[in-house]
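Step one of this worksheet: look at the structure below.
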Amino acid sequence: MRRGVWRRVGPALLGLALGACGGVEPPPESVYAARQFEDAPPAPCALSVPTGQALFGDLHVHTAYSNDAWNFDVRTWPADAYRYAFGEPIRLPAGDDFRAREVRIDRPLDFAAVTDHAEFLGEQSVCYDDTAAGYQAGFCEVMRSGEGRAPQLVMQIISPFARRRPDVCGPDGEDCAQRAAAAWRDIIAAAQQWNDRSSDCARSTFIAYEYSSFRMGSNLHRNVIFRNAAVLARPVSYLDEHREWGLWRILQQQCIDSDTGCDVLAIPHNANISNGRMFAVDYPGAYTLAQQARRAALRQRIEPLAEVMQHKGDSECRNGLQGVLGAVDELCDFEKFENQVFRQTVGEGEAVGQCYRGPLADWVPHRGPNCLDRNSYLRYALVEGLREQQRLGVNPFKFGLMASTDTHNAMAGGVQEADYPGHLGNGDSRVAQRVQFDGDVPGNASNNPGGLIGVWAPHNSRDAIFDALRRREVFGTSGPRIQPRFFGGWQLDPDLCARADMLDSAYAQGVPMGADLPPARRAGAGAPVFLAAAAADPGTADFPGVPLQRLQVIKGWADEEGNHHQRIYRVAGDGAGAAAVDPATCEPRGQGHRQLCAVWRDPDFDPAVPAVYYLRAVENPSCRYTARQCLALPPGARPADCAQPFFDPVIQERAWTSPIWYTPAG
């Protein structure tokens with residue numbers, strides 16, 4: 001967000017927290033009731049692999065239906081997003097020409113979903129239709145002003161009392177509702193058109209949207225993904241339902257518990273700018289342990305995954321947090337988008353404080369992300385979930401790890417560092433915008449191309465992929481198509497890496513990523529053992545893949561005082577410094593690995609302590625897109641940030657698997 005916007009938004013937040021905003025009442029829940037849109041039954045897939053194929057996709061994609069894309073001159077629509085995802089070119093804006101640049105993905109995806117914001121689907125239509133009754137409203141004048149993230153718009157997803165505006169939507173909100181329904185039908189139609197129902201199973205699409213809460217200045221967005229064409233009749237937005245558990249309840253009652261065949265899950269957005277609130281341990285309105293356990297179970301049911309990487313950076317972990325013990329993890333200092341935000345909300349060179357966690361913490365307004373909390377990062381949320389499991393008997397944070405782009409250019413899966421064209425229309429259409437860290441440039445260099453979600457599924461179909469999402473046999477990457485495998489058990493054969501039947505044996509002897517370790521078959525079975533393996537991104541003829549450097553198993557647990565502990569084990573490959581890249585030329589040095597594999601047993605296992613494990617596969621160092629694009633500019637045309645970048649111009653791309661959980665017996 002622009003520096004000036006933060007400055008203007010901040011003072012108004014407290015007033016919004018204390019005073020209600022008038023507006024159209026939220027719709028009754030009955031209007032969301034799921035319905036089955038036309039959908040021919042798919043043919044059985046000709047290719048099916050019982051041990052799973054690595055399928056890559058993007059489940060976080062915005063098009064011109066999202067106001068914060070439209071206001072940066074994006075005029076690509078849901079069908080364009082699928083066109084790009086599956087290998088066809090699309091055109092993006094540059095200056096006054098909405099279609100000046102042609103872009104094409106380096107390799108088609110296997111699956112994708114458009115996730116436009118639900119909040120202004122109808123309002124945008126009203127504000128750009130001069131025949132609409134609400135066209136002259138002040139809100140619409142701001143929307144048409146070209147200020148992509150004006151305070152008047154941002155306030156609508158910050159205020160805990162925000163409603164639809166009667167001056168825009170009409171006294172009963174019906175004008176916005178009807179127009180939003182038309183946009184929703186187009187989103188559905190595009191997904192239906194591009195979903196391959198033939199036996200080729202070449203591509204899968206999902207009907208989806210984004211619920212975009214920025215309540216009290218903290219990012220609490222969720223992407224809502226439906227299994228098939230049985231979907232809610234209209235999206236549930238933040239303007240309709242202000243709390244995430246209200247969203248979960250509606251999805252449960254109006255979709256999952258209906259008799260329409262509707263199934264759905266929600267995926268929390270990157271948590272690194274949530275002020276610890278995305279995974280806060282709070283249950284407002286649920287006072288007894290039984291009530292809290294029910295809400296925790298609802299969350300686990302609706303949100304089996306969380307986004308570890310996207311264009312706003314990595315949300316895995318952070319060094320220096322209070323209440324986190326263990327050695328420094330140098331790889332936590334990766335794409336820390338929030339560091340740039342803190343420069344604007346806290347101040348240049350100012351220390352970032354810890355988030356307040358006292359009484360009524362949930363009602364404290366923030367000038368956007370402006371404090372640190374361990375529950376803003378997925379590693380520590382996973383550990384906090386272990387503590388809640390012990391307290392409630394239910395783990396609300398039992399999620400797998402995935403990644404996507406959050407592109408606002410409809411470029412589903414456009415993650416190639418070598419020729420990244422930006423993510424925000426005219427907000428970063430020029431190289432000079434993309435390589436500088438100026439907070440007044442919306443698409444500045446604190447953004448990155450984002451990541452991809454990978455699933456292990458027998459074939460490429462909606463049902464197979466959705467089942468993999470539900471069981472958390474899912475991984476995320478920072479962009480490359482690394483293929484990691486992670487299994488856990490008590491008696492995995494030590495020679496698995498050398499065996500032709502490695503995967504069959506791993507499934508037979510243990511459990512895959514996303515699962516719980518089974519109870520030990522005998523007392524004193526010893527420590528759990530894990531199969532950790534990964535194949536490097538093969539790349540393309542134009543963009544060769546970067547070799548792998550190492551595999552690491554990350555372990556987390558909590559102590560009786562509530563401290564979180566982390567330990568990072570290198571289980572295969574080389575240590576830091578074995579390979580490098582010259583940022584002055586982007587030429588790599590040193591060797592790497594096309595494949596890595598290890599069978600590893602936890603040397604520090606305590607059978608009395610719950611623990612969570614996941615695998616991180618790390619590439620050799622390579623140049624960040626900003627370094628590459630700075631080099632492509634003539635020396636005299638390079639912004640100052642090319643010489644002194646705020647972010648390291650050298651990165652190590654990576655993949656993260658979903659965890660495997662250990663719970664003591666009894």
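Every chain in the structure tokens has a letter given in the order shown (A, B, ...), and although residue numbers restart at 1 in each chain, ligands are simply numbered from 1 in the order shown.
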DSSP alpha helix (DSSP H) residues within stretch 81-327 of chain A, as a ChimeraX atom specification: /A:81-85,121-127,138-143,151-154,166-169,174-194,244-251,289-302
Using the selection just defined, write its residues with C-alpha atoms as an mmCIF file, in the first residue's frame.
```cif
data_model
loop_
_atom_site.group_PDB
_atom_site.id
_atom_site.type_symbol
_atom_site.label_atom_id
_atom_site.label_comp_id
_atom_site.auth_asym_id
_atom_site.auth_seq_id
_atom_site.Cartn_x
_atom_site.Cartn_y
_atom_site.Cartn_z
ATOM 1 C CA ALA A 81 -6.539 -16.038 -16.369
ATOM 2 C CA TYR A 82 -7.257 -19.622 -17.448
ATOM 3 C CA ARG A 83 -6.027 -18.866 -20.959
ATOM 4 C CA TYR A 84 -2.696 -17.767 -19.474
ATOM 5 C CA ALA A 85 -2.522 -20.622 -16.946
ATOM 6 C CA LEU A 121 -18.069 -7.253 -7.170
ATOM 7 C CA GLY A 122 -21.328 -5.311 -7.385
ATOM 8 C CA GLU A 123 -20.081 -1.862 -6.374
ATOM 9 C CA GLN A 124 -17.532 -1.751 -9.171
ATOM 10 C CA SER A 125 -20.245 -2.404 -11.745
ATOM 11 C CA VAL A 126 -22.410 0.373 -10.290
ATOM 12 C CA CYS A 127 -19.576 2.873 -10.148
ATOM 13 C CA GLY A 138 -18.931 9.948 -3.461
ATOM 14 C CA PHE A 139 -17.700 6.402 -2.968
ATOM 15 C CA CYS A 140 -18.018 5.833 -6.727
ATOM 16 C CA GLU A 141 -16.176 9.039 -7.510
ATOM 17 C CA VAL A 142 -13.263 7.752 -5.433
ATOM 18 C CA MET A 143 -13.428 4.357 -7.116
ATOM 19 C CA PRO A 151 -8.676 5.221 2.067
ATOM 20 C CA GLN A 152 -12.411 5.319 1.356
ATOM 21 C CA LEU A 153 -12.141 1.910 -0.298
ATOM 22 C CA VAL A 154 -9.726 0.420 2.210
ATOM 23 C CA PRO A 166 -27.101 2.429 0.426
ATOM 24 C CA ASP A 167 -26.042 5.451 -1.659
ATOM 25 C CA VAL A 168 -24.200 3.032 -3.977
ATOM 26 C CA CYS A 169 -26.209 -0.179 -3.695
ATOM 27 C CA GLU A 174 -30.285 -5.108 -4.313
ATOM 28 C CA ASP A 175 -28.526 -3.254 -7.132
ATOM 29 C CA CYS A 176 -25.078 -4.372 -5.927
ATOM 30 C CA ALA A 177 -26.397 -7.863 -5.181
ATOM 31 C CA GLN A 178 -27.737 -8.335 -8.714
ATOM 32 C CA ARG A 179 -24.577 -7.032 -10.329
ATOM 33 C CA ALA A 180 -22.373 -9.185 -8.079
ATOM 34 C CA ALA A 181 -24.469 -12.205 -9.055
ATOM 35 C CA ALA A 182 -23.776 -11.475 -12.733
ATOM 36 C CA ALA A 183 -20.025 -11.307 -12.081
ATOM 37 C CA TRP A 184 -20.200 -14.539 -10.040
ATOM 38 C CA ARG A 185 -21.954 -16.279 -12.956
ATOM 39 C CA ASP A 186 -19.158 -15.165 -15.286
ATOM 40 C CA ILE A 187 -16.500 -16.447 -12.875
ATOM 41 C CA ILE A 188 -18.336 -19.784 -12.717
ATOM 42 C CA ALA A 189 -18.756 -19.926 -16.494
ATOM 43 C CA ALA A 190 -15.031 -19.339 -17.104
ATOM 44 C CA ALA A 191 -14.059 -22.135 -14.714
ATOM 45 C CA GLN A 192 -16.575 -24.470 -16.315
ATOM 46 C CA GLN A 193 -15.399 -23.633 -19.817
ATOM 47 C CA TRP A 194 -11.732 -24.335 -19.089
ATOM 48 C CA GLU A 244 -13.932 -15.678 9.976
ATOM 49 C CA TRP A 245 -15.892 -18.126 12.100
ATOM 50 C CA GLY A 246 -19.071 -16.676 10.616
ATOM 51 C CA LEU A 247 -17.666 -17.505 7.178
ATOM 52 C CA TRP A 248 -16.825 -21.050 8.317
ATOM 53 C CA ARG A 249 -20.297 -21.556 9.728
ATOM 54 C CA ILE A 250 -22.007 -20.439 6.525
ATOM 55 C CA LEU A 251 -19.751 -22.648 4.408
ATOM 56 C CA LEU A 289 -13.911 -25.538 26.614
ATOM 57 C CA ALA A 290 -16.607 -27.462 24.774
ATOM 58 C CA GLN A 291 -17.606 -24.369 22.761
ATOM 59 C CA GLN A 292 -13.979 -23.608 21.958
ATOM 60 C CA ALA A 293 -13.336 -27.196 20.908
ATOM 61 C CA ARG A 294 -16.291 -27.052 18.526
ATOM 62 C CA ARG A 295 -14.988 -23.880 16.932
ATOM 63 C CA ALA A 296 -11.481 -25.350 16.677
ATOM 64 C CA ALA A 297 -12.920 -28.441 14.982
ATOM 65 C CA LEU A 298 -14.859 -26.234 12.556
ATOM 66 C CA ARG A 299 -11.698 -24.355 11.681
ATOM 67 C CA GLN A 300 -9.761 -27.585 11.139
ATOM 68 C CA ARG A 301 -12.557 -28.867 8.888
ATOM 69 C CA ILE A 302 -12.854 -25.726 6.758
#
```
All strand (DSSP E or B) residues (DSSP, backbone) inside stretch 55-205 of chain A, as a VMD selection string: chain A and resid 55 to 58 61 90 to 94 97 to 103 111 to 113 117 164 204 to 205
Surrounding residues of stretch 208-224 of chain A excluding itself and chain neighbours under 2 positions, 8 Å, only C-alpha atoms, as a PyMOL selection string: chain A and resi 13+17+59-60+113-119+157-160+206+226+235-238+242+264-269+271+273-275+277-278+363-369
Residues near stretch 303-313 of chain A, cut-off 7 Å, only C-alpha atoms, skip fewer than 2 positions along chain, as a ChimeraX atom specification: /A:265-270,299-301,315-316,335-337,378,398-406,447-451,470,472,478
Generate a file of the selected residues that holds C-alpha atoms, formatted as a short mmCIF file (atom, residue, chain, number, x, y, z; two decimals), in the first residue's frame.
```
data_model
loop_
_atom_site.label_atom_id
_atom_site.label_comp_id
_atom_site.auth_asym_id
_atom_site.auth_seq_id
_atom_site.Cartn_x
_atom_site.Cartn_y
_atom_site.Cartn_z
CA LEU A 265 -12.52 -25.35 1.90
CA ALA A 266 -10.91 -22.03 2.74
CA ILE A 267 -7.20 -21.20 2.63
CA PRO A 268 -5.81 -18.40 4.84
CA HIS A 269 -3.87 -15.78 2.88
CA ASN A 270 -0.23 -15.03 3.71
CA ARG A 299 -11.70 -24.35 11.68
CA GLN A 300 -9.76 -27.58 11.14
CA ARG A 301 -12.56 -28.87 8.89
CA SER A 315 5.19 -16.55 5.97
CA GLU A 316 7.10 -19.61 7.14
CA GLU A 335 11.32 -12.44 0.94
CA LYS A 336 10.26 -10.58 4.07
CA PHE A 337 7.67 -8.27 2.48
CA LEU A 378 3.07 -20.74 9.94
CA LYS A 398 -3.64 -28.49 11.73
CA PHE A 399 -2.94 -27.23 8.24
CA GLY A 400 -0.82 -28.21 5.29
CA LEU A 401 1.47 -25.78 3.48
CA MET A 402 0.72 -24.42 0.01
CA ALA A 403 1.72 -21.42 -2.09
CA SER A 404 0.32 -19.35 -4.93
CA THR A 405 0.89 -15.99 -6.63
CA ASP A 406 -1.85 -13.52 -5.56
CA ASN A 447 6.89 -7.82 -4.02
CA ASN A 448 8.07 -10.97 -5.75
CA PRO A 449 6.58 -13.30 -8.40
CA GLY A 450 4.93 -15.51 -5.77
CA GLY A 451 4.73 -19.28 -5.56
CA ARG A 470 -8.45 -32.06 1.94
CA ARG A 472 -3.11 -32.16 2.98
CA SER A 478 8.49 -20.19 -4.02
#
```
Long-range neighbours of A:Tyr625 as an NGL selection string, 8 Å cut-off, only C-alpha atoms, 4 positions minimum in chain: :A and (417-420 or 448 or 629 or 649)
